[in-house]
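J.: Handing you a structure now.
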Amino acid sequence: MSFLEVRDLHVTVAEKEILKGLNLRIESGEVHAIMGPNGSGKSTLASVLAGRPGFQITGGSISFLDQDIAHLEPDEIAHLGIFLAFQYPVEIPGVSNMEFLKASVDSLHAARGEQPLSTVEFMKAVRTVATDLDLNPEFLKRGVNEGFSGGEKKRNEILQLLLLQPRLAVLDETDSGLDIDALQVVAAGVNRFSAPGNAVLLITHYQRLLNYIVPDAVHVLSQGQIVRSGGKELALELEEKGYGWITE
Amino acid sequence: MDHRMSDATAQMRDLAGTAPSWFDAQAGLARLDRGLTAPAIREYWKYTPIQPFVTALVEAAHADGPAPEIHNADQPGITVCPMGELTADQAVTVAAMAGEIDPDRYPLADLALLNGSVGTFCHVAESLPQPLILKSGSNANQATFIHVAAGAEVELQESAPTGPSNGQLIVVRVEAGGRVRHARCALDRLAAHWSLLVAILADNAAYELNQHHFGGRRRRSDCHFVLAGPGATANVTAAFLADEGSHIDQQFVVEHRSRDTVSRQKVHGIGTGRSRCVFNGRIHIHEGATASDATLTNRNLSLHPQAEIDTKPELEIYTDDVRCAHGATVGQLSEESLFYLRSRGVPEAQARLLLCNGFLRECIKGPFADAVMARIREALQ
């Protein structure tokens, strides 16, 4: 059984083909990083894995825990255990973080056939994770990401990752816009999530995140295909030489 | 005027004898006739025919329904008097307050005043520790005048009655430095519900209105603020929802008549099912009202192909040196927000409900908030 297997994936957005035969295989317990120049299709891959509407799969397959997820709805994919940390987390005034997180946790527990958490258990779980991530628990009363700084939004994404306990975390440029301190906090959260039964797919422009989250594999995405794969040393090579030597 | 309107005004002539002594009933009837046929009435009542309200309110005035009640009126610092028993001084005050109502814009106000024998006058001489709770009589058409003395603070809680047809005229004058917090909600689907709130604010007086209305068979709500003294402030947050088969028409006017006055209006609404929502927000800055600061935002969600929403913000400015901003939108739920919630496992229907609740909650405050949110959830589910 493969954990995640993407085969010959073709994806079109607004009638333009972005992914052109992408192949990727991730096993349980692994951390993979995808790097690549702007416009190569990194965020499209993240979006498709999470079932974002508007991304049309025109060929190939996506198998997660031996289930075809290519045409599932976003909430169905989340129920199976895929979590997308957004590059630009959405602000939703009027919907409190508390209400949103409780709805998410309850939905996932129901999908897994688990008993719902009581409000007390839920609050305790959130406070524990928030403290670890240096987020003031007062944020629970505010609207989802409302008035959060860029760093707070990214930490809120990691809080959700730890609270919702998915199997696969897809992090779409979570490191963008973070200072070194925030980067370390976020990386510590991801490392805490990373475990033998889980896997992580990091999408990033820069090698610096990989100083804190050590990948098992690094892939270079260019023009909708993975054109080079290697170990963590590939990221260092990219940092030194850029993408040109691979993509030209 | 068609024959039903004539019948209605003829019936009002019968009631003219019961009008309070300070009110010139013949002049009121003349204004009513003129107002109901004036060309401007077509614009003010463009999306909501006025005639059914006239008929319903005349019938309500003739009905022998219970009189309006004001709870917590036994606190020190307040005087409550039936409109038919005003002292000479009180009559002068009420007449001056009534004089602030534009008869051409609000002809139905004269209907309530002609029926003023069931109205009430309150004088708030000092700050009240308990809120005043206004309960209108069922199936009635009545007027309430509230005079808040200088420096006094009062909280008003007003919920609409449940009878088939109701009219409510509420006029509040707040003297210098006075402060009013007014929460009002109308959650029931009445056959015909008309209300007019007029608030006149003297120097540095402040009025905060939280208004939460649902669509009715026919519901029309007018709010008119007059910032008459320097430093007066009006702060309005309102939320409304019209569901299957309902109609709601809300009109807000803020007049900046003096310098250094501030108004804030934030109104969110949802139309779902086959429904009709009308919003008109008008900011009028008079000559000499320098350094006025006014904002108006009306955002609407249309959740059904046959939910019709008509919104019109208006600005009329007759002086320089003002800050003014207004905007109105009609749209759908944000697809990005919807995806964000669903990517966390929240099913689509629940995600939509969360977003709708959140959209309205931005404008829901005050003592009725829980009841309003419960009613919203019921309507959206």
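Residue numbers start at 1 in each chain; chains themselves are named A, B, ... in the order of the structure tokens; ligands are numbered from 1 in the order shown.
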Select residues of chain A: the criterion is any atom within 6 Å of an atom of chain B, counting only C-alpha atoms; output as an NGL selection string.

T.: :A and (74-75 or 78-79 or 94-95 or 104 or 107-108)

J.: Give the strand (DSSP E) residues of segment 26-106 of chain A, as DSSP finds them on the backbone, and put them as a ChimeraX atom specification.

T.: /A:26,31-35,55-64,67-68,82-85,92-96

J.: Find the residues around His304 of chain B up to 12 Å (only C-alpha atoms counted), leave out those fewer than 2 positions away in its own chain, and share them as number ranges by chain.

T.: B: 242-245, 270-276, 301-302, 306-309, 331-333, 380

J.: Can I get the selection written as an mmCIF file, in the first residue's frame, with N, CA and C atoms?

T.:
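Generated file (out_25.cif):
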```cif
data_model
loop_
_atom_site.group_PDB
_atom_site.id
_atom_site.type_symbol
_atom_site.label_atom_id
_atom_site.label_comp_id
_atom_site.auth_asym_id
_atom_site.auth_seq_id
_atom_site.Cartn_x
_atom_site.Cartn_y
_atom_site.Cartn_z
ATOM 1 N N ALA B 242 -33.949 38.160 4.920
ATOM 2 C CA ALA B 242 -35.266 37.888 4.332
ATOM 3 C C ALA B 242 -35.235 36.478 3.778
ATOM 4 N N ASP B 243 -36.151 35.641 4.243
ATOM 5 C CA ASP B 243 -36.192 34.275 3.724
ATOM 6 C C ASP B 243 -37.426 34.086 2.840
ATOM 7 N N GLU B 244 -37.674 32.848 2.479
ATOM 8 C CA GLU B 244 -38.695 32.520 1.479
ATOM 9 C C GLU B 244 -40.004 33.311 1.693
ATOM 10 N N GLY B 245 -40.387 34.054 0.658
ATOM 11 C CA GLY B 245 -41.669 34.738 0.675
ATOM 12 C C GLY B 245 -41.718 35.997 1.508
ATOM 13 N N ILE B 270 -28.919 39.513 4.308
ATOM 14 C CA ILE B 270 -28.935 38.298 3.492
ATOM 15 C C ILE B 270 -30.334 38.111 2.928
ATOM 16 N N GLY B 271 -30.383 37.829 1.636
ATOM 17 C CA GLY B 271 -31.629 37.441 1.003
ATOM 18 C C GLY B 271 -31.532 35.979 0.600
ATOM 19 N N THR B 272 -32.461 35.178 1.088
ATOM 20 C CA THR B 272 -32.445 33.762 0.741
ATOM 21 C C THR B 272 -33.863 33.342 0.383
ATOM 22 N N GLY B 273 -33.995 32.320 -0.449
ATOM 23 C CA GLY B 273 -35.323 31.970 -0.939
ATOM 24 C C GLY B 273 -35.838 33.083 -1.853
ATOM 25 N N ARG B 274 -37.109 32.963 -2.248
ATOM 26 C CA ARG B 274 -37.700 34.032 -3.062
ATOM 27 C C ARG B 274 -38.083 35.158 -2.112
ATOM 28 N N SER B 275 -37.253 36.190 -2.091
ATOM 29 C CA SER B 275 -37.439 37.251 -1.101
ATOM 30 C C SER B 275 -37.027 38.585 -1.706
ATOM 31 N N ARG B 276 -37.347 39.636 -0.990
ATOM 32 C CA ARG B 276 -37.017 40.974 -1.466
ATOM 33 C C ARG B 276 -36.420 41.781 -0.322
ATOM 34 N N LEU B 301 -25.628 39.625 0.939
ATOM 35 C CA LEU B 301 -25.424 38.338 0.285
ATOM 36 C C LEU B 301 -26.737 37.896 -0.331
ATOM 37 N N SER B 302 -26.676 37.530 -1.568
ATOM 38 C CA SER B 302 -27.846 36.993 -2.254
ATOM 39 C C SER B 302 -27.632 35.488 -2.406
ATOM 40 N N GLN B 306 -33.653 33.826 -6.925
ATOM 41 C CA GLN B 306 -34.823 34.716 -6.915
ATOM 42 C C GLN B 306 -34.875 35.590 -5.663
ATOM 43 N N ALA B 307 -33.738 35.711 -4.996
ATOM 44 C CA ALA B 307 -33.647 36.686 -3.900
ATOM 45 C C ALA B 307 -33.236 38.010 -4.532
ATOM 46 N N GLU B 308 -34.094 39.005 -4.400
ATOM 47 C CA GLU B 308 -33.801 40.300 -5.036
ATOM 48 C C GLU B 308 -33.368 41.303 -3.976
ATOM 49 N N ILE B 309 -32.258 41.939 -4.232
ATOM 50 C CA ILE B 309 -31.731 42.915 -3.268
ATOM 51 C C ILE B 309 -31.505 44.230 -4.002
ATOM 52 N N GLY B 331 -23.362 40.384 -3.182
ATOM 53 C CA GLY B 331 -22.509 39.326 -3.714
ATOM 54 C C GLY B 331 -22.894 37.961 -3.179
ATOM 55 N N GLN B 332 -21.983 37.033 -3.393
ATOM 56 C CA GLN B 332 -22.178 35.653 -2.947
ATOM 57 C C GLN B 332 -21.173 35.371 -1.826
ATOM 58 N N LEU B 333 -21.281 34.204 -1.247
ATOM 59 C CA LEU B 333 -20.281 33.798 -0.263
ATOM 60 C C LEU B 333 -18.916 33.667 -0.943
ATOM 61 N N LEU B 380 -31.708 29.833 8.208
ATOM 62 C CA LEU B 380 -30.743 29.385 7.198
ATOM 63 C C LEU B 380 -30.680 27.869 7.078
#
```

J.: Counting only C-alpha atoms, figure out which residue out of B:Val148, B:Leu190, B:Leu241, B:Leu108 gets nearest to Ala206 of chain B.

T.: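 Smallest distance to Ala206 of chain B is found for B:Val148.
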
J.: Considering only C-alpha atoms, return as a list in words whatever protein or nucleic-acid residues lie within 12 Å of Arg323 of chain B, sequence-local ones (same chain, fewer than 4 positions apart) excluded.

T.: His256, Arg259, Asp260, Thr261, Val262, Ser263, Arg264, Ile283, Ile285, Ala289, Thr290, Ala291, Ser292, Asp293, Ala294, Thr295, Leu296, Leu315, Ile317 and Thr319 of chain B

J.: Could those selected residues go to a file with C-alpha atoms, as a PDB file, in the first residue's frame?

T.:
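Ended up saving to out.pdb:
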```pdb
ATOM      1  CA  HIS B 256     -25.472  66.238   9.866  1.00  0.00           C
ATOM      2  CA  ARG B 259     -20.188  70.906  12.940  1.00  0.00           C
ATOM      3  CA  ASP B 260     -17.969  68.119  14.312  1.00  0.00           C
ATOM      4  CA  THR B 261     -20.709  65.534  14.086  1.00  0.00           C
ATOM      5  CA  VAL B 262     -19.932  61.861  13.494  1.00  0.00           C
ATOM      6  CA  SER B 263     -22.023  59.043  12.066  1.00  0.00           C
ATOM      7  CA  ARG B 264     -21.203  55.400  11.481  1.00  0.00           C
ATOM      8  CA  ILE B 283     -26.114  60.839   4.463  1.00  0.00           C
ATOM      9  CA  ILE B 285     -24.489  67.042   5.363  1.00  0.00           C
ATOM     10  CA  ALA B 289     -21.767  71.282   9.253  1.00  0.00           C
ATOM     11  CA  THR B 290     -18.004  71.514   8.895  1.00  0.00           C
ATOM     12  CA  ALA B 291     -15.688  68.721  10.023  1.00  0.00           C
ATOM     13  CA  SER B 292     -18.533  66.230   9.782  1.00  0.00           C
ATOM     14  CA  ASP B 293     -17.354  62.640   9.582  1.00  0.00           C
ATOM     15  CA  ALA B 294     -19.733  60.076   8.099  1.00  0.00           C
ATOM     16  CA  THR B 295     -19.392  56.515   6.875  1.00  0.00           C
ATOM     17  CA  LEU B 296     -21.989  54.092   5.563  1.00  0.00           C
ATOM     18  CA  LEU B 315     -24.697  61.291  -0.263  1.00  0.00           C
ATOM     19  CA  ILE B 317     -23.141  67.337   0.876  1.00  0.00           C
ATOM     20  CA  THR B 319     -20.291  72.038   2.869  1.00  0.00           C
TER      21      THR B 319
END
```

J.: Just want the 8 Å neighbourhood of His10 of chain A, counted on only C-alpha atoms, with same-chain residues fewer than 3 positions away dropped. Output as a PyMOL selection string.

T.: chain A and resi 17-22+57-60

J.: Do a neighbour search on Lys16 of chain A at 12 Å with only C-alpha atoms, toss out local chain neighbours closer than 5 positions, and write the hits as a PyMOL selection string.

T.: chain A and resi 10-11+41+44+54-58+224

J.: Next, dump the selected residues to file, keeping only C-alpha atoms, as a short mmCIF file (atom, residue, chain, number, x, y, z; two decimals), in the first residue's frame.

T.:
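The resulting result_17.cif:
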```cif
data_model
loop_
_atom_site.label_atom_id
_atom_site.label_comp_id
_atom_site.auth_asym_id
_atom_site.auth_seq_id
_atom_site.Cartn_x
_atom_site.Cartn_y
_atom_site.Cartn_z
CA HIS A 10 -2.40 16.53 -15.70
CA VAL A 11 -4.25 19.56 -14.31
CA GLY A 41 3.00 24.40 -10.64
CA THR A 44 -1.36 23.95 -8.13
CA GLY A 54 -11.54 25.18 -10.26
CA PHE A 55 -8.61 22.82 -10.75
CA GLN A 56 -9.59 20.32 -13.39
CA ILE A 57 -7.83 16.96 -13.42
CA THR A 58 -7.63 15.98 -17.08
CA GLY A 224 4.41 21.06 -14.57
#
```

J.: Got a sec: who's within 8 Å of Arg257 of chain B, counting only C-alpha atoms, leaving out chain neighbours fewer than 3 positions off, as a compact mmCIF listing (two decimals) with N, CA and C atoms, in the first residue's frame?

T.:
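Contents of the output file selection32.txt:
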```
# COMPACT_ATOMS: atom_id res chain seq x y z
N VAL B 226 -31.01 63.00 13.39
CA VAL B 226 -30.70 64.41 13.19
C VAL B 226 -29.59 64.78 14.16
N LEU B 227 -28.38 65.01 13.63
CA LEU B 227 -27.26 65.41 14.48
C LEU B 227 -27.30 66.93 14.54
N ALA B 228 -28.05 67.42 15.53
CA ALA B 228 -28.40 68.84 15.57
C ALA B 228 -27.37 69.70 16.26
N GLY B 229 -26.61 69.12 17.19
CA GLY B 229 -25.65 69.93 17.94
C GLY B 229 -24.23 69.51 17.67
N ILE B 285 -25.31 66.11 4.58
CA ILE B 285 -24.49 67.04 5.36
C ILE B 285 -24.89 68.46 4.98
N HIS B 286 -25.45 69.16 5.95
CA HIS B 286 -26.00 70.49 5.69
C HIS B 286 -24.89 71.54 5.59
N GLU B 287 -25.25 72.67 5.04
CA GLU B 287 -24.34 73.80 4.97
C GLU B 287 -23.92 74.19 6.39
N GLY B 288 -22.68 74.41 6.59
CA GLY B 288 -22.19 74.83 7.91
C GLY B 288 -21.80 73.68 8.81
N ALA B 289 -22.11 72.44 8.41
CA ALA B 289 -21.77 71.28 9.25
C ALA B 289 -20.33 70.87 8.97
```

J.: Ranking B:Ile133, B:Val92, B:Ala379, B:Ala205 by minimum distance to Ala150 of chain B and counting only C-alpha atoms, which one comes first?

T.: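 The closest residue to Ala150 of chain B is B:Ala205.
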
J.: Could you please determine the separation between atom CA of Asn145 of chain A and atom CA of Asn97 of chain A in Å, to one decimal place?

T.: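 It comes out at 7.6 Å.
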